[in-house]
Structure formats: structure tokens, C-alpha cells
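run.txt (compact mmCIF, C-alpha atoms) appears below.
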```txt
# COMPACT_ATOMS: atom_id res chain seq x y z
CA MET A 1 81.38 25.43 108.22
CA PRO A 2 83.90 24.86 111.01
CA VAL A 3 82.85 24.21 114.58
CA ASN A 4 84.84 26.14 117.15
CA SER A 5 87.37 24.55 119.44
CA PHE A 6 85.89 25.63 122.77
CA SER A 7 85.85 22.89 125.37
CA SER A 8 82.39 21.88 126.52
CA GLY A 9 83.22 23.28 129.96
CA ALA A 10 84.24 26.68 128.59
CA LEU A 11 81.20 26.84 126.32
CA ASP A 12 78.90 25.92 129.20
CA PHE A 13 80.44 28.66 131.34
CA LEU A 14 80.12 31.31 128.63
CA THR A 15 76.55 30.31 127.82
CA LYS A 16 75.42 30.45 131.43
CA ALA A 17 77.21 33.78 131.89
CA TYR A 18 75.36 35.15 128.84
CA TYR A 19 71.95 34.05 130.14
CA LEU A 20 72.74 35.39 133.61
CA THR A 21 73.75 38.75 132.16
CA VAL A 22 70.41 39.09 130.39
CA ARG A 23 68.46 37.97 133.48
CA THR A 24 70.14 40.54 135.70
CA SER A 25 69.66 43.38 133.22
CA ASP A 26 66.67 44.94 131.51
CA SER A 27 65.86 42.21 128.98
CA SER A 28 63.50 44.47 127.04
CA PHE A 29 66.39 46.89 126.47
CA PHE A 30 68.66 43.98 125.51
CA PHE A 31 66.36 42.62 122.82
CA GLU A 32 65.41 46.07 121.55
CA ALA A 33 69.10 46.79 121.09
CA LEU A 34 69.68 43.39 119.50
CA TYR A 35 66.94 43.88 116.90
CA SER A 36 68.21 47.41 116.29
CA ALA A 37 71.73 46.15 115.60
CA VAL A 38 70.67 43.15 113.50
CA LYS A 39 67.36 42.98 111.66
CA ASP A 40 67.18 39.20 112.00
CA PRO A 41 69.65 38.39 114.83
CA PHE A 42 68.71 34.71 114.99
CA ARG A 43 68.67 34.27 111.18
CA ILE A 44 65.38 32.48 111.67
CA GLU A 45 64.58 32.31 107.95
CA LYS A 46 68.03 31.36 106.63
CA SER A 47 69.81 29.42 109.35
CA VAL A 48 70.20 25.68 108.80
CA TYR A 49 70.04 25.31 112.58
CA GLU A 50 66.70 27.13 112.79
CA LYS A 51 65.28 25.32 109.75
CA SER A 52 66.13 21.92 111.24
CA LYS A 53 64.68 22.95 114.59
CA ILE A 54 61.42 24.13 113.03
CA GLU A 55 61.06 20.88 111.08
CA ASN A 56 61.61 18.86 114.27
CA ILE A 57 59.09 20.92 116.22
CA LEU A 58 56.40 20.57 113.55
CA GLY A 59 57.16 16.85 113.35
CA ILE A 60 56.61 16.49 117.10
CA ILE A 61 53.36 18.45 116.96
CA GLY A 62 52.25 16.12 114.17
CA LYS A 63 48.76 16.27 112.68
CA ARG A 64 47.00 17.55 115.77
CA LYS A 65 44.96 20.69 115.14
CA PHE A 66 44.86 23.33 117.87
CA ASN A 67 42.19 25.96 118.35
CA GLU A 68 44.50 28.78 119.42
CA ILE A 69 48.24 29.01 120.05
CA LEU A 70 50.19 31.60 122.04
CA ASP A 71 53.75 32.03 120.72
CA ILE A 72 55.73 33.54 123.60
CA GLY A 73 58.79 35.43 122.34
CA CYS A 74 57.69 35.34 118.71
CA GLY A 75 60.47 37.57 117.36
CA ASN A 76 59.84 38.56 113.74
CA GLY A 77 56.85 36.20 113.49
CA PHE A 78 58.34 33.69 111.06
CA PHE A 79 57.55 30.59 113.10
CA SER A 80 54.23 32.05 114.31
CA HIS A 81 52.96 32.12 110.75
CA LEU A 82 54.08 28.51 110.21
CA LEU A 83 52.03 27.50 113.26
CA LEU A 84 48.89 28.47 111.33
CA ALA A 85 49.24 25.07 109.63
CA VAL A 86 48.31 23.41 112.94
CA SER A 87 46.04 26.02 114.51
CA ASN A 88 42.91 28.02 113.76
CA LYS A 89 44.45 31.12 115.33
CA VAL A 90 47.90 32.19 116.51
CA THR A 91 48.84 35.10 118.76
CA GLY A 92 52.52 36.07 118.95
CA ILE A 93 53.91 38.27 121.72
CA ASP A 94 57.38 39.73 122.17
CA ILE A 95 58.93 42.40 124.39
CA SER A 96 60.73 43.98 121.44
CA SER A 97 58.66 46.62 119.66
CA ARG A 98 61.03 46.40 116.69
CA ALA A 99 60.49 42.66 116.38
CA ILE A 100 56.70 43.11 116.53
CA LYS A 101 56.85 45.86 113.91
CA GLU A 102 58.78 43.51 111.63
CA ALA A 103 56.29 40.69 112.29
CA ASN A 104 53.30 42.86 111.44
CA ALA A 105 55.00 44.14 108.29
CA LYS A 106 55.66 40.60 107.06
CA TYR A 107 52.61 38.67 108.24
CA GLY A 108 49.97 41.24 109.16
CA LYS A 109 47.90 40.15 106.14
CA PHE A 110 46.87 36.93 107.89
CA GLU A 111 43.54 37.56 109.64
CA ASN A 112 43.97 34.68 112.08
CA LEU A 113 47.47 35.78 113.09
CA LYS A 114 47.98 38.60 115.60
CA PHE A 115 51.16 40.16 116.99
CA ILE A 116 51.28 42.12 120.24
CA ARG A 117 54.15 43.90 121.93
CA ALA A 118 53.90 42.45 125.44
CA ASP A 119 55.78 40.91 128.32
CA ILE A 120 54.28 37.51 129.17
CA GLY A 121 54.32 38.46 132.85
CA SER A 122 51.96 41.40 132.29
CA PHE A 123 50.12 40.09 129.22
CA THR A 124 46.34 39.99 129.68
CA THR A 125 43.69 38.50 127.40
CA LYS A 126 40.30 36.85 127.58
CA ASN A 127 41.45 34.26 125.05
CA ARG A 128 42.25 30.72 126.14
CA PHE A 129 45.00 28.72 124.45
CA ASP A 130 45.47 24.99 123.97
CA LEU A 131 49.16 25.30 123.03
CA PHE A 132 51.80 27.61 124.48
CA PHE A 133 54.97 27.72 122.42
CA CYS A 134 58.16 29.01 124.06
CA SER A 135 61.21 28.64 121.85
CA GLU A 136 64.60 29.82 123.15
CA VAL A 137 63.07 32.40 125.48
CA LEU A 138 62.25 31.12 128.98
CA TYR A 139 65.87 30.82 130.09
CA TYR A 140 66.19 34.63 129.75
CA LEU A 141 63.68 35.14 132.57
CA ARG A 142 64.62 35.76 136.17
CA PRO A 143 63.40 33.06 138.61
CA GLU A 144 60.50 35.22 139.80
CA GLU A 145 59.59 36.06 136.18
CA LEU A 146 59.63 32.38 135.24
CA GLU A 147 57.34 31.54 138.17
CA LYS A 148 54.99 34.34 137.15
CA THR A 149 54.98 33.10 133.56
CA CYS A 150 54.00 29.57 134.62
CA THR A 151 51.20 30.95 136.77
CA LYS A 152 49.99 33.11 133.88
CA ILE A 153 50.02 30.17 131.47
CA LYS A 154 47.91 28.09 133.87
CA LYS A 155 45.31 30.86 133.94
CA MET A 156 45.18 31.07 130.15
CA THR A 157 44.82 27.35 129.46
CA SER A 158 41.76 26.04 127.70
CA GLY A 159 40.72 22.69 129.13
CA GLN A 160 43.78 20.56 128.48
CA SER A 161 46.71 22.44 127.00
CA GLN A 162 50.24 21.67 125.92
CA ILE A 163 53.33 23.72 126.65
CA ILE A 164 56.29 23.27 124.32
CA PHE A 165 59.60 24.62 125.57
CA VAL A 166 62.64 24.64 123.26
CA GLY A 167 66.05 25.25 124.78
CA ARG A 168 69.37 23.70 125.69
CA ALA A 169 69.16 19.92 125.90
CA ASP A 170 70.57 19.96 129.41
CA ASP A 171 68.49 22.89 130.64
CA GLU A 172 67.46 22.36 134.25
CA TYR A 173 66.97 26.00 135.16
CA VAL A 174 63.70 26.19 133.19
CA ASN A 175 62.57 22.56 133.34
CA ARG A 176 62.93 22.38 137.11
CA THR A 177 60.33 25.15 137.38
CA LEU A 178 58.07 23.85 134.61
CA ARG A 179 57.80 20.48 136.36
CA ARG A 180 56.35 22.15 139.43
CA TYR A 181 53.48 23.58 137.42
CA PHE A 182 52.90 21.13 134.58
CA LYS A 183 53.13 17.44 133.78
CA GLU A 184 56.17 16.55 131.71
CA LYS A 185 55.05 14.38 128.80
CA GLU A 186 57.97 14.01 126.38
CA LYS A 187 61.53 15.13 125.79
CA PHE A 188 63.41 15.06 122.49
CA THR A 189 67.12 15.81 122.13
CA PHE A 190 68.84 16.84 118.91
CA GLN A 191 72.54 17.29 118.15
CA SER A 192 73.28 20.53 116.35
CA THR A 193 75.64 23.47 115.92
CA PHE A 194 74.67 27.07 116.50
CA PRO A 195 75.95 30.17 114.62
CA LEU A 196 77.01 33.14 116.75
CA TYR A 197 75.06 36.42 116.39
CA PHE A 198 77.62 38.57 114.65
CA PHE A 199 79.94 35.81 113.39
CA PRO A 200 77.72 33.38 111.41
CA SER A 201 80.69 31.42 110.09
CA PHE A 202 81.76 30.68 113.66
CA ARG A 203 79.67 27.86 115.09
CA VAL A 204 79.48 26.08 118.42
CA SER A 205 78.17 22.65 119.28
CA ARG A 206 74.79 23.17 120.88
CA PRO A 207 72.44 20.19 121.41
CA TYR A 208 68.91 21.42 121.97
CA GLY A 209 65.87 19.86 123.55
CA ILE A 210 62.17 20.05 122.75
CA PHE A 211 60.24 19.52 125.97
CA VAL A 212 56.49 18.84 125.90
CA TYR A 213 54.36 19.52 128.98
CA GLU A 214 50.63 19.25 129.64
CA HIS A 215 48.24 21.05 131.93
CA LYS A 216 44.64 20.06 132.56
CA LYS A 217 42.37 22.65 134.04
CA LYS A 218 40.44 21.49 137.08
CA ASP A 219 36.68 21.50 136.70
```
Please lay out the structure from this file as C-alpha cells.
Amino acid sequence: MPVNSFSSGALDFLTKAYYLTVRTSDSSFFFEALYSAVKDPFRIEKSVYEKSKIENILGIIGKRKFNEILDIGCGNGFFSHLLLAVSNKVTGIDISSRAIKEANAKYGKFENLKFIRADIGSFTTKNRFDLFFCSEVLYYLRPEELEKTCTKIKKMTSGQSQIIFVGRADDEYVNRTLRRYFKEKEKFTFQSTFPLYFFPSFRVSRPYGIFVYEHKKKD
């Protein structure tokens, strides 16, 4: 498939404008509308980009077995159910009720997999997680929402936990905040192209990063 001819500067501008638009609007409305317009807007199960990304993420996680994972922004639950291979229990949350409905319809049969319609900023649970997975979601949050999310994650950690953030390889908006709350452990960068929502044959160059952080709860 062809890669578009946007200059890196133009693409960077458009991408940042897109994220800023979502941050300054009602993101719950945005994603509800997105999942209403397109059943699988990110083509999570068919996209070569997503498949490669998932393989790289699972490769980085390796053979470690987690007790419980929180998948923040789980969408239709596809990757949440794959995380069962490395965890005893997975909880997926998303602000889109349509996405959660789809997730429950597809993967509700798994007893150790739960989906909840929730905003991470207001999400409450007695559970404690040793891995927080945030793929392509944190950069949609306003600065105050991102701060609140980091604070919430710290409260939900179990002993020593990992936070995996997946986003643009050059993302400093999110990582700058994450570094204030957690210890940055590793960063992996991958070259890739990304299909546009409604024009899958039209692709843009989009290197992504997988950033691994750690947080150890104080005794």
C-alpha cells in the first residue's frame, strides 16, 4: 500500500492538532461517535500495523506472569484477551459504552476477563494491579486528566508494578508527565506506517514507541 506524501512537518502539525482537538472537547462523546460510525475504527484485529505492534508488546513483556493487569482504554477488548496469556486476571476499562458492549459480546465468556465502562480518572476498585497497560490512549487526556491518571495508578499499584505506555515514538507530552511519577525503565522504537480511520488504503509514516515504567510502593 502507498505511503502518503505529507512532509514530516505537516504530518506532525496535523497529528498534534488532532490530539489537541480531542483534549479540548468531550472525549467520551468523541469515542462514542467514533465507535458508532465504525465498529472497529482502529482495525485492531485486521491491521498489519496493529498486529505488528501487539507482537512487539508481547515480546517486550516476555515470559513474566502478572497477577492482575488493568488495560486502560481497552476498546473492543481484543488485546485485553491476549493479555490473559501473561496474567491471571485482566480488567479492561474504556469510556465508550459501545466499545465495552462489543468487548463483552466477544470475550465475556472468559471468567478471568472483565470489562467496565469507566473513565480512568473516576475509576474505583479495591483490586491492585502489577501491570497497567495504556496503548494509544494517554495522549488524548488533558494535562490535568493525565496528572490525575498517574496519581490513580500509583494508588492502585500492587507492590512493584509496571506501566506500559504505547504512543508516538517522539511523544514528550505524555512521557514528561510519566517521568514525574514513575521510574522510566526501557524505551523501544519501531518504524511503521499507520492507516487512516476512514481511508485504510491511505497510510502515513508513524514510528511508535513502547515505553516501560516502574513504580514501587513504599512500605
Shell of 10 Å around segment 110-125 of chain A, only C-alpha atoms, local chain residues under 3 positions omitted, as a ChimeraX atom specification: /A:28,68-77,80-81,83-84,87-104,106-107,128,141,144-153,156
Within 12 Å of Gln160 of chain A using all atoms listed in the file, minus same-chain residues under 6 positions, as a ChimeraX atom specification: /A:66-67,128-132,153-154,182-183,213-219
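For the pair atom CA of Glu136 of chain A and atom CA of Arg180 of chain A, the interatomic distance is 19.8 Å.
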Nearest candidate to Thr193 of chain A (options A:Val166, A:Val48, A:Ile61, A:Val212; using all atoms listed in the file): A:Val48
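Going from atom CA of Ile54 of chain A over to atom CA of Phe78 of chain A, you cover 10.2 Å.
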Box in all listed atoms of segment 124-142 of chain A, axis-aligned, with 6 Å more on each side; write out centre and edge lengths in Å to one decimal as JSON.
```
{"center_x": 53.2, "center_y": 32.5, "center_z": 129.0, "size_x": 37.9, "size_y": 27.0, "size_z": 26.3}
```
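We find atom CA of Ile57 of chain A and atom CA of Gly108 of chain A to be spaced 23.4 Å apart.
When all atoms listed in the file are used to compute distances to Glu186 of chain A, the closest of the residues A:Ala169, A:Leu138, A:Ile164, A:Leu58 turns out to be A:Ile164.
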